[in-house]
Amino acid sequence: MAVPLTAGPRVARWLTALSAAGALTLCMAATRPAQDRHTPVPLFANGGFESPVAPANNFTRLGAGSALGEWKVTGGNVDLIGAGFWQAAEGNQSLDLEGDIPGTIEQPIATRFGGCYTVNFWLAGNPDGGPAIKRGYARVTQNAIGHPFIQKTLAFDTTGKTRADLGYVQQRFRFRALAPTVTLTFTSITGGGYGPVIDAVSVIPAHPLDCRSGRF
Ligand SMILES: [Ca+2]
């Protein structure tokens with residue numbers, strides 16, 4: 001997205017001394033990050049699992065092939081947790097990545113080739129049954145041949161946690177887009193029917209330097 005240049009006198013003098021290409025680079029570096037960091041990626045939606053509405057104080061089990069708003073259940077099954085059943089990190093609803101077996105959900109994300117993006121979400125675990133440690137992963141798959149995926153391992157200890165206080169912790173990882181569309185996936189590998197709980201997923205463009213090696 002084009003951003004008007006609002007450089008002060010000192011920057012303006014720099015620009016005069018630079019080539020056109022160099023000036024454009026400086027312009028983008030000076031003005032894009034501040035805007036991008038607050039602008040969610042278009043087309044990514046329902047990161048808070050507020051749609052569809054599950055019954056209050058209960059949950060809806062969704063199997064492979066089911067739509068979960070803009071998400072799709074692509075493996076096993078998951079439980080969409082309704083308002084009041086337990087604490088949500090955002091809004092009223094959250095998602096247990098296991099119904100009675102480990103589940104997987106995914107959503108495509110429209111990206112800008114070469115762009116750096118940050119995936120944010122809140123992680124907890126179903127406190128109603130073991131094992132205590134809930135495990136899974138979040139993964140971004142590049143929809144292009146030969147491109148690797150970026151994966152963040154999920155591990156959450158539910159010891160001492162309750163439905164009223166799930167103990168959500170914020171999680172974050174970054175990826176550089178190598179395709180016009182990538183796929184964001186969340187999977188439980190816990191087993192037992194009491195899985196990792198996620199809520200408030202967002203995907204936001206980051207500063208290009210944030211995707212340098214070692215800063216993911
Ligand atoms: Ca929510």
# chains A, B, ... in the order shown; residues from 1 in each chain; ligands from 1
$ residues_near_ligand --ligand "ligand 1" --cutoff "10 Å" --atoms "only C-alpha atoms and all ligand atoms" --output "ChimeraX atom specification"
/A:46-51,80-83,87-95,122,198-201
$ write_last_selection --atoms "N, CA and C atoms" --output "PDB file, in the first residue's frame"
ATOM      1  N   ASN A  46     -11.594 -14.539  11.610  1.00  0.00           N
ATOM      2  CA  ASN A  46     -12.082 -15.456  12.648  1.00  0.00           C
ATOM      3  C   ASN A  46     -10.934 -16.033  13.475  1.00  0.00           C
ATOM      4  N   GLY A  47      -9.906 -15.222  13.678  1.00  0.00           N
ATOM      5  CA  GLY A  47      -8.795 -15.667  14.505  1.00  0.00           C
ATOM      6  C   GLY A  47      -9.195 -15.873  15.960  1.00  0.00           C
ATOM      7  N   GLY A  48     -10.327 -15.303  16.349  1.00  0.00           N
ATOM      8  CA  GLY A  48     -10.794 -15.453  17.728  1.00  0.00           C
ATOM      9  C   GLY A  48     -11.819 -16.562  17.911  1.00  0.00           C
ATOM     10  N   PHE A  49     -12.109 -17.295  16.847  1.00  0.00           N
ATOM     11  CA  PHE A  49     -13.045 -18.424  16.903  1.00  0.00           C
ATOM     12  C   PHE A  49     -14.411 -18.027  17.463  1.00  0.00           C
ATOM     13  N   GLU A  50     -14.857 -16.833  17.073  1.00  0.00           N
ATOM     14  CA  GLU A  50     -16.169 -16.357  17.523  1.00  0.00           C
ATOM     15  C   GLU A  50     -17.281 -16.780  16.569  1.00  0.00           C
ATOM     16  N   SER A  51     -16.928 -17.366  15.433  1.00  0.00           N
ATOM     17  CA  SER A  51     -17.911 -17.814  14.449  1.00  0.00           C
ATOM     18  C   SER A  51     -17.576 -19.229  13.997  1.00  0.00           C
ATOM     19  N   LEU A  80     -15.170 -26.532  19.413  1.00  0.00           N
ATOM     20  CA  LEU A  80     -15.364 -25.082  19.482  1.00  0.00           C
ATOM     21  C   LEU A  80     -16.072 -24.797  20.804  1.00  0.00           C
ATOM     22  N   ILE A  81     -15.396 -24.072  21.684  1.00  0.00           N
ATOM     23  CA  ILE A  81     -15.870 -23.886  23.053  1.00  0.00           C
ATOM     24  C   ILE A  81     -16.746 -22.641  23.146  1.00  0.00           C
ATOM     25  N   GLY A  82     -17.992 -22.839  23.583  1.00  0.00           N
ATOM     26  CA  GLY A  82     -18.945 -21.737  23.666  1.00  0.00           C
ATOM     27  C   GLY A  82     -18.716 -20.840  24.873  1.00  0.00           C
ATOM     28  N   ALA A  83     -19.422 -19.719  24.861  1.00  0.00           N
ATOM     29  CA  ALA A  83     -19.298 -18.728  25.938  1.00  0.00           C
ATOM     30  C   ALA A  83     -19.625 -19.364  27.278  1.00  0.00           C
ATOM     31  N   GLN A  87     -12.766 -19.984  30.326  1.00  0.00           N
ATOM     32  CA  GLN A  87     -12.220 -18.659  30.025  1.00  0.00           C
ATOM     33  C   GLN A  87     -11.727 -18.598  28.574  1.00  0.00           C
ATOM     34  N   ALA A  88     -12.109 -17.541  27.880  1.00  0.00           N
ATOM     35  CA  ALA A  88     -11.556 -17.261  26.556  1.00  0.00           C
ATOM     36  C   ALA A  88     -10.451 -16.216  26.708  1.00  0.00           C
ATOM     37  N   ALA A  89      -9.512 -16.246  25.788  1.00  0.00           N
ATOM     38  CA  ALA A  89      -8.464 -15.217  25.816  1.00  0.00           C
ATOM     39  C   ALA A  89      -8.958 -13.933  25.171  1.00  0.00           C
ATOM     40  N   GLU A  90      -9.949 -14.092  24.290  1.00  0.00           N
ATOM     41  CA  GLU A  90     -10.488 -12.940  23.540  1.00  0.00           C
ATOM     42  C   GLU A  90     -11.938 -13.263  23.220  1.00  0.00           C
ATOM     43  N   GLY A  91     -12.827 -12.302  23.357  1.00  0.00           N
ATOM     44  CA  GLY A  91     -14.229 -12.538  23.042  1.00  0.00           C
ATOM     45  C   GLY A  91     -14.826 -13.584  23.972  1.00  0.00           C
ATOM     46  N   ASN A  92     -15.691 -14.445  23.402  1.00  0.00           N
ATOM     47  CA  ASN A  92     -16.403 -15.433  24.217  1.00  0.00           C
ATOM     48  C   ASN A  92     -15.958 -16.868  23.982  1.00  0.00           C
ATOM     49  N   GLN A  93     -15.406 -17.142  22.793  1.00  0.00           N
ATOM     50  CA  GLN A  93     -15.156 -18.523  22.416  1.00  0.00           C
ATOM     51  C   GLN A  93     -13.659 -18.786  22.221  1.00  0.00           C
ATOM     52  N   SER A  94     -13.308 -20.032  22.295  1.00  0.00           N
ATOM     53  CA  SER A  94     -11.936 -20.465  22.046  1.00  0.00           C
ATOM     54  C   SER A  94     -11.998 -21.842  21.406  1.00  0.00           C
ATOM     55  N   LEU A  95     -10.836 -22.414  21.122  1.00  0.00           N
ATOM     56  CA  LEU A  95     -10.823 -23.696  20.409  1.00  0.00           C
ATOM     57  C   LEU A  95      -9.923 -24.702  21.113  1.00  0.00           C
ATOM     58  N   TRP A 122      -2.816 -16.920  21.457  1.00  0.00           N
ATOM     59  CA  TRP A 122      -2.750 -17.235  22.880  1.00  0.00           C
ATOM     60  C   TRP A 122      -2.948 -18.733  23.032  1.00  0.00           C
ATOM     61  N   ILE A 198      -6.439 -22.744  21.851  1.00  0.00           N
ATOM     62  CA  ILE A 198      -5.913 -21.529  21.232  1.00  0.00           C
ATOM     63  C   ILE A 198      -7.023 -20.501  21.080  1.00  0.00           C
ATOM     64  N   ASP A 199      -6.620 -19.245  20.999  1.00  0.00           N
ATOM     65  CA  ASP A 199      -7.566 -18.148  20.811  1.00  0.00           C
ATOM     66  C   ASP A 199      -6.790 -16.933  20.292  1.00  0.00           C
ATOM     67  N   ALA A 200      -7.525 -15.978  19.739  1.00  0.00           N
ATOM     68  CA  ALA A 200      -6.981 -14.676  19.325  1.00  0.00           C
ATOM     69  C   ALA A 200      -5.794 -14.816  18.376  1.00  0.00           C
ATOM     70  N   VAL A 201      -5.958 -15.613  17.333  1.00  0.00           N
ATOM     71  CA  VAL A 201      -4.913 -15.749  16.327  1.00  0.00           C
ATOM     72  C   VAL A 201      -4.929 -14.517  15.420  1.00  0.00           C
TER      73      VAL A 201
END
$ select_by_dssp --residues "range 69-118 of chain A" --states "strand (DSSP E or B)" --output "list in words"
Trp71, Lys72, Val73, Thr74, Gly75, Asn77, Val78, Asp79, Leu80, Ile81, Ser94, Leu95, Asp96, Glu98, Pro102, Thr104, Ile105, Glu106, Gln107, Pro108, Ile109, Ala110, Cys116, Tyr117 and Thr118 of chain A
$ residues_around --residues "range 166-181 of chain A" --least-positions-apart "3" --cutoff "7 Å" --atoms "only C-alpha atoms" --output "mmCIF file with C-alpha atoms, in the first residue's frame"
data_model
loop_
_atom_site.group_PDB
_atom_site.id
_atom_site.type_symbol
_atom_site.label_atom_id
_atom_site.label_comp_id
_atom_site.auth_asym_id
_atom_site.auth_seq_id
_atom_site.Cartn_x
_atom_site.Cartn_y
_atom_site.Cartn_z
ATOM 1 C CA GLN A 87 -12.220 -18.659 30.025
ATOM 2 C CA ALA A 89 -8.464 -15.217 25.816
ATOM 3 C CA PRO A 108 -5.110 -19.764 3.751
ATOM 4 C CA ILE A 109 -3.446 -16.370 4.040
ATOM 5 C CA ALA A 110 -2.963 -14.010 1.110
ATOM 6 C CA THR A 111 0.603 -12.709 1.319
ATOM 7 C CA ARG A 112 2.962 -10.394 -0.496
ATOM 8 C CA PHE A 113 5.890 -12.272 -2.001
ATOM 9 C CA GLY A 114 8.952 -11.670 0.135
ATOM 10 C CA GLY A 115 6.958 -10.050 2.919
ATOM 11 C CA CYS A 116 7.710 -10.769 6.572
ATOM 12 C CA TYR A 117 4.737 -11.656 8.791
ATOM 13 C CA THR A 118 4.131 -12.264 12.474
ATOM 14 C CA VAL A 119 1.650 -14.885 13.680
ATOM 15 C CA ASN A 120 0.352 -14.134 17.176
ATOM 16 C CA PHE A 121 -1.949 -16.283 19.295
ATOM 17 C CA TRP A 122 -2.750 -17.235 22.880
ATOM 18 C CA LEU A 123 -2.138 -20.775 24.073
ATOM 19 C CA ALA A 124 -3.561 -22.760 26.993
ATOM 20 C CA GLY A 125 -4.747 -26.331 27.485
ATOM 21 C CA GLN A 142 4.255 -22.168 1.562
ATOM 22 C CA ASN A 143 2.015 -23.129 -1.319
ATOM 23 C CA ALA A 144 4.868 -23.455 -3.764
ATOM 24 C CA ILE A 150 7.960 -22.699 9.331
ATOM 25 C CA LYS A 152 6.374 -23.521 16.076
ATOM 26 C CA LYS A 161 -5.086 -24.601 35.722
ATOM 27 C CA THR A 162 -8.893 -24.428 35.864
ATOM 28 C CA ARG A 163 -11.737 -23.561 33.508
ATOM 29 C CA CYS A 211 12.627 -12.003 9.318
ATOM 30 C CA PHE A 216 12.067 -15.622 14.231
#
$ select_by_dssp --residues "chain A" --states "alpha helix (DSSP H)" --output "ChimeraX atom specification"
/A:9-17,20-36
$ residues_around --residues "Pro131 in chain A" --least-positions-apart "4" --cutoff "12 Å" --atoms "only C-alpha atoms" --output "MDAnalysis selection string"
chainID A and resid 125:127 135 155:159 189:196
$ residues_around --residues "Leu68 in chain A" --least-positions-apart "4" --cutoff "7 Å" --atoms "only C-alpha atoms" --output "list in words"
Ser51, Pro52, Lys72 and Val73 of chain A
$ write_last_selection --atoms "N, CA and C atoms" --output "short mmCIF file (atom, residue, chain, number, x, y, z; two decimals), in the first residue's frame"
data_model
loop_
_atom_site.label_atom_id
_atom_site.label_comp_id
_atom_site.auth_asym_id
_atom_site.auth_seq_id
_atom_site.Cartn_x
_atom_site.Cartn_y
_atom_site.Cartn_z
N SER A 51 -16.93 -17.37 15.43
CA SER A 51 -17.91 -17.81 14.45
C SER A 51 -17.58 -19.23 14.00
N PRO A 52 -18.56 -20.14 13.89
CA PRO A 52 -19.97 -19.94 14.26
C PRO A 52 -20.13 -19.89 15.78
N LYS A 72 -10.85 -24.27 8.26
CA LYS A 72 -11.39 -25.57 7.88
C LYS A 72 -10.72 -26.63 8.75
N VAL A 73 -11.53 -27.56 9.22
CA VAL A 73 -10.98 -28.69 9.97
C VAL A 73 -10.49 -29.70 8.93
#
$ atom_distance --atom1 "CA of Val197 in chain A" --atom2 "CA of Gly129 in chain A"
12.8 Å
$ decode --residues "range 86-216 of chain A" --atoms "C-alpha atoms" --output "mmCIF file, in the first residue's frame"
data_model
loop_
_atom_site.group_PDB
_atom_site.id
_atom_site.type_symbol
_atom_site.label_atom_id
_atom_site.label_comp_id
_atom_site.auth_asym_id
_atom_site.auth_seq_id
_atom_site.Cartn_x
_atom_site.Cartn_y
_atom_site.Cartn_z
ATOM 1 C CA TRP A 86 -14.301 -21.803 30.225
ATOM 2 C CA GLN A 87 -12.220 -18.659 30.025
ATOM 3 C CA ALA A 88 -11.556 -17.261 26.556
ATOM 4 C CA ALA A 89 -8.464 -15.217 25.816
ATOM 5 C CA GLU A 90 -10.488 -12.940 23.540
ATOM 6 C CA GLY A 91 -14.229 -12.538 23.042
ATOM 7 C CA ASN A 92 -16.403 -15.433 24.217
ATOM 8 C CA GLN A 93 -15.156 -18.523 22.416
ATOM 9 C CA SER A 94 -11.936 -20.465 22.046
ATOM 10 C CA LEU A 95 -10.823 -23.696 20.409
ATOM 11 C CA ASP A 96 -9.711 -27.026 21.875
ATOM 12 C CA LEU A 97 -7.557 -28.642 19.207
ATOM 13 C CA GLU A 98 -8.875 -32.036 20.268
ATOM 14 C CA GLY A 99 -12.431 -33.307 20.209
ATOM 15 C CA ASP A 100 -12.117 -36.969 21.124
ATOM 16 C CA ILE A 101 -9.027 -37.323 18.913
ATOM 17 C CA PRO A 102 -6.270 -34.853 17.893
ATOM 18 C CA GLY A 103 -7.474 -32.301 15.348
ATOM 19 C CA THR A 104 -6.032 -29.997 12.713
ATOM 20 C CA ILE A 105 -7.387 -26.693 11.398
ATOM 21 C CA GLU A 106 -6.071 -24.514 8.641
ATOM 22 C CA GLN A 107 -6.723 -21.212 6.883
ATOM 23 C CA PRO A 108 -5.110 -19.764 3.751
ATOM 24 C CA ILE A 109 -3.446 -16.370 4.040
ATOM 25 C CA ALA A 110 -2.963 -14.010 1.110
ATOM 26 C CA THR A 111 0.603 -12.709 1.319
ATOM 27 C CA ARG A 112 2.962 -10.394 -0.496
ATOM 28 C CA PHE A 113 5.890 -12.272 -2.001
ATOM 29 C CA GLY A 114 8.952 -11.670 0.135
ATOM 30 C CA GLY A 115 6.958 -10.050 2.919
ATOM 31 C CA CYS A 116 7.710 -10.769 6.572
ATOM 32 C CA TYR A 117 4.737 -11.656 8.791
ATOM 33 C CA THR A 118 4.131 -12.264 12.474
ATOM 34 C CA VAL A 119 1.650 -14.885 13.680
ATOM 35 C CA ASN A 120 0.352 -14.134 17.176
ATOM 36 C CA PHE A 121 -1.949 -16.283 19.295
ATOM 37 C CA TRP A 122 -2.750 -17.235 22.880
ATOM 38 C CA LEU A 123 -2.138 -20.775 24.073
ATOM 39 C CA ALA A 124 -3.561 -22.760 26.993
ATOM 40 C CA GLY A 125 -4.747 -26.331 27.485
ATOM 41 C CA ASN A 126 -7.916 -28.224 28.312
ATOM 42 C CA PRO A 127 -7.717 -28.631 32.112
ATOM 43 C CA ASP A 128 -10.437 -31.301 32.277
ATOM 44 C CA GLY A 129 -8.214 -34.316 31.562
ATOM 45 C CA GLY A 130 -4.671 -35.556 31.018
ATOM 46 C CA PRO A 131 -2.004 -35.649 29.984
ATOM 47 C CA ALA A 132 -0.965 -32.493 31.816
ATOM 48 C CA ILE A 133 1.314 -31.306 29.037
ATOM 49 C CA LYS A 134 -0.605 -30.401 25.888
ATOM 50 C CA ARG A 135 1.440 -30.623 22.732
ATOM 51 C CA GLY A 136 0.993 -29.617 19.132
ATOM 52 C CA TYR A 137 2.366 -27.224 16.581
ATOM 53 C CA ALA A 138 1.537 -24.189 14.513
ATOM 54 C CA ARG A 139 2.838 -24.305 10.969
ATOM 55 C CA VAL A 140 2.965 -22.034 7.954
ATOM 56 C CA THR A 141 3.171 -23.962 4.708
ATOM 57 C CA GLN A 142 4.255 -22.168 1.562
ATOM 58 C CA ASN A 143 2.015 -23.129 -1.319
ATOM 59 C CA ALA A 144 4.868 -23.455 -3.764
ATOM 60 C CA ILE A 145 7.060 -26.374 -4.762
ATOM 61 C CA GLY A 146 10.278 -26.724 -2.821
ATOM 62 C CA HIS A 147 9.545 -24.103 -0.198
ATOM 63 C CA PRO A 148 10.049 -25.165 3.393
ATOM 64 C CA PHE A 149 7.531 -24.672 6.134
ATOM 65 C CA ILE A 150 7.960 -22.699 9.331
ATOM 66 C CA GLN A 151 6.807 -24.488 12.442
ATOM 67 C CA LYS A 152 6.374 -23.521 16.076
ATOM 68 C CA THR A 153 6.104 -26.283 18.639
ATOM 69 C CA LEU A 154 3.323 -25.938 21.184
ATOM 70 C CA ALA A 155 3.714 -27.200 24.740
ATOM 71 C CA PHE A 156 1.514 -26.074 27.614
ATOM 72 C CA ASP A 157 1.444 -27.417 31.169
ATOM 73 C CA THR A 158 -2.122 -27.450 32.547
ATOM 74 C CA THR A 159 -1.039 -28.351 36.074
ATOM 75 C CA GLY A 160 -3.005 -26.165 38.486
ATOM 76 C CA LYS A 161 -5.086 -24.601 35.722
ATOM 77 C CA THR A 162 -8.893 -24.428 35.864
ATOM 78 C CA ARG A 163 -11.737 -23.561 33.508
ATOM 79 C CA ALA A 164 -11.937 -20.155 35.220
ATOM 80 C CA ASP A 165 -8.205 -19.548 34.870
ATOM 81 C CA LEU A 166 -6.716 -21.363 31.897
ATOM 82 C CA GLY A 167 -3.446 -19.465 32.209
ATOM 83 C CA TYR A 168 -3.171 -18.391 28.585
ATOM 84 C CA VAL A 169 0.309 -17.454 27.393
ATOM 85 C CA GLN A 170 1.025 -15.394 24.287
ATOM 86 C CA GLN A 171 2.864 -17.132 21.463
ATOM 87 C CA ARG A 172 4.492 -15.634 18.394
ATOM 88 C CA PHE A 173 6.477 -16.662 15.374
ATOM 89 C CA ARG A 174 7.417 -15.080 12.073
ATOM 90 C CA PHE A 175 7.717 -16.211 8.507
ATOM 91 C CA ARG A 176 8.804 -14.756 5.197
ATOM 92 C CA ALA A 177 6.279 -15.353 2.428
ATOM 93 C CA LEU A 178 7.655 -17.119 -0.624
ATOM 94 C CA ALA A 179 4.312 -17.458 -2.360
ATOM 95 C CA PRO A 180 1.195 -15.322 -2.904
ATOM 96 C CA THR A 181 -0.734 -17.602 -0.581
ATOM 97 C CA VAL A 182 0.427 -19.574 2.437
ATOM 98 C CA THR A 183 -1.503 -21.868 4.747
ATOM 99 C CA LEU A 184 -1.588 -21.470 8.519
ATOM 100 C CA THR A 185 -2.193 -24.741 10.366
ATOM 101 C CA PHE A 186 -2.704 -25.628 14.021
ATOM 102 C CA THR A 187 -2.460 -29.271 15.078
ATOM 103 C CA SER A 188 -2.668 -31.182 18.331
ATOM 104 C CA ILE A 189 -0.372 -34.148 18.853
ATOM 105 C CA THR A 190 -1.438 -34.660 22.477
ATOM 106 C CA GLY A 191 -3.962 -37.500 22.283
ATOM 107 C CA GLY A 192 -6.589 -38.391 24.850
ATOM 108 C CA GLY A 193 -9.247 -35.860 23.902
ATOM 109 C CA TYR A 194 -8.048 -32.933 26.029
ATOM 110 C CA GLY A 195 -5.857 -30.824 23.814
ATOM 111 C CA PRO A 196 -4.119 -27.485 23.441
ATOM 112 C CA VAL A 197 -6.480 -24.498 23.510
ATOM 113 C CA ILE A 198 -5.913 -21.529 21.232
ATOM 114 C CA ASP A 199 -7.566 -18.148 20.811
ATOM 115 C CA ALA A 200 -6.981 -14.676 19.325
ATOM 116 C CA VAL A 201 -4.913 -15.749 16.327
ATOM 117 C CA SER A 202 -3.699 -12.826 14.230
ATOM 118 C CA VAL A 203 -1.358 -12.431 11.281
ATOM 119 C CA ILE A 204 0.255 -9.017 10.843
ATOM 120 C CA PRO A 205 2.925 -7.758 8.436
ATOM 121 C CA ALA A 206 6.222 -7.215 10.243
ATOM 122 C CA HIS A 207 9.327 -5.156 9.539
ATOM 123 C CA PRO A 208 11.429 -6.894 6.879
ATOM 124 C CA LEU A 209 14.399 -6.989 9.242
ATOM 125 C CA ASP A 210 12.366 -9.046 11.707
ATOM 126 C CA CYS A 211 12.627 -12.003 9.318
ATOM 127 C CA ARG A 212 16.407 -12.029 9.293
ATOM 128 C CA SER A 213 17.936 -15.330 10.341
ATOM 129 C CA GLY A 214 17.831 -15.847 14.077
ATOM 130 C CA ARG A 215 15.065 -13.386 14.800
ATOM 131 C CA PHE A 216 12.067 -15.622 14.231
#
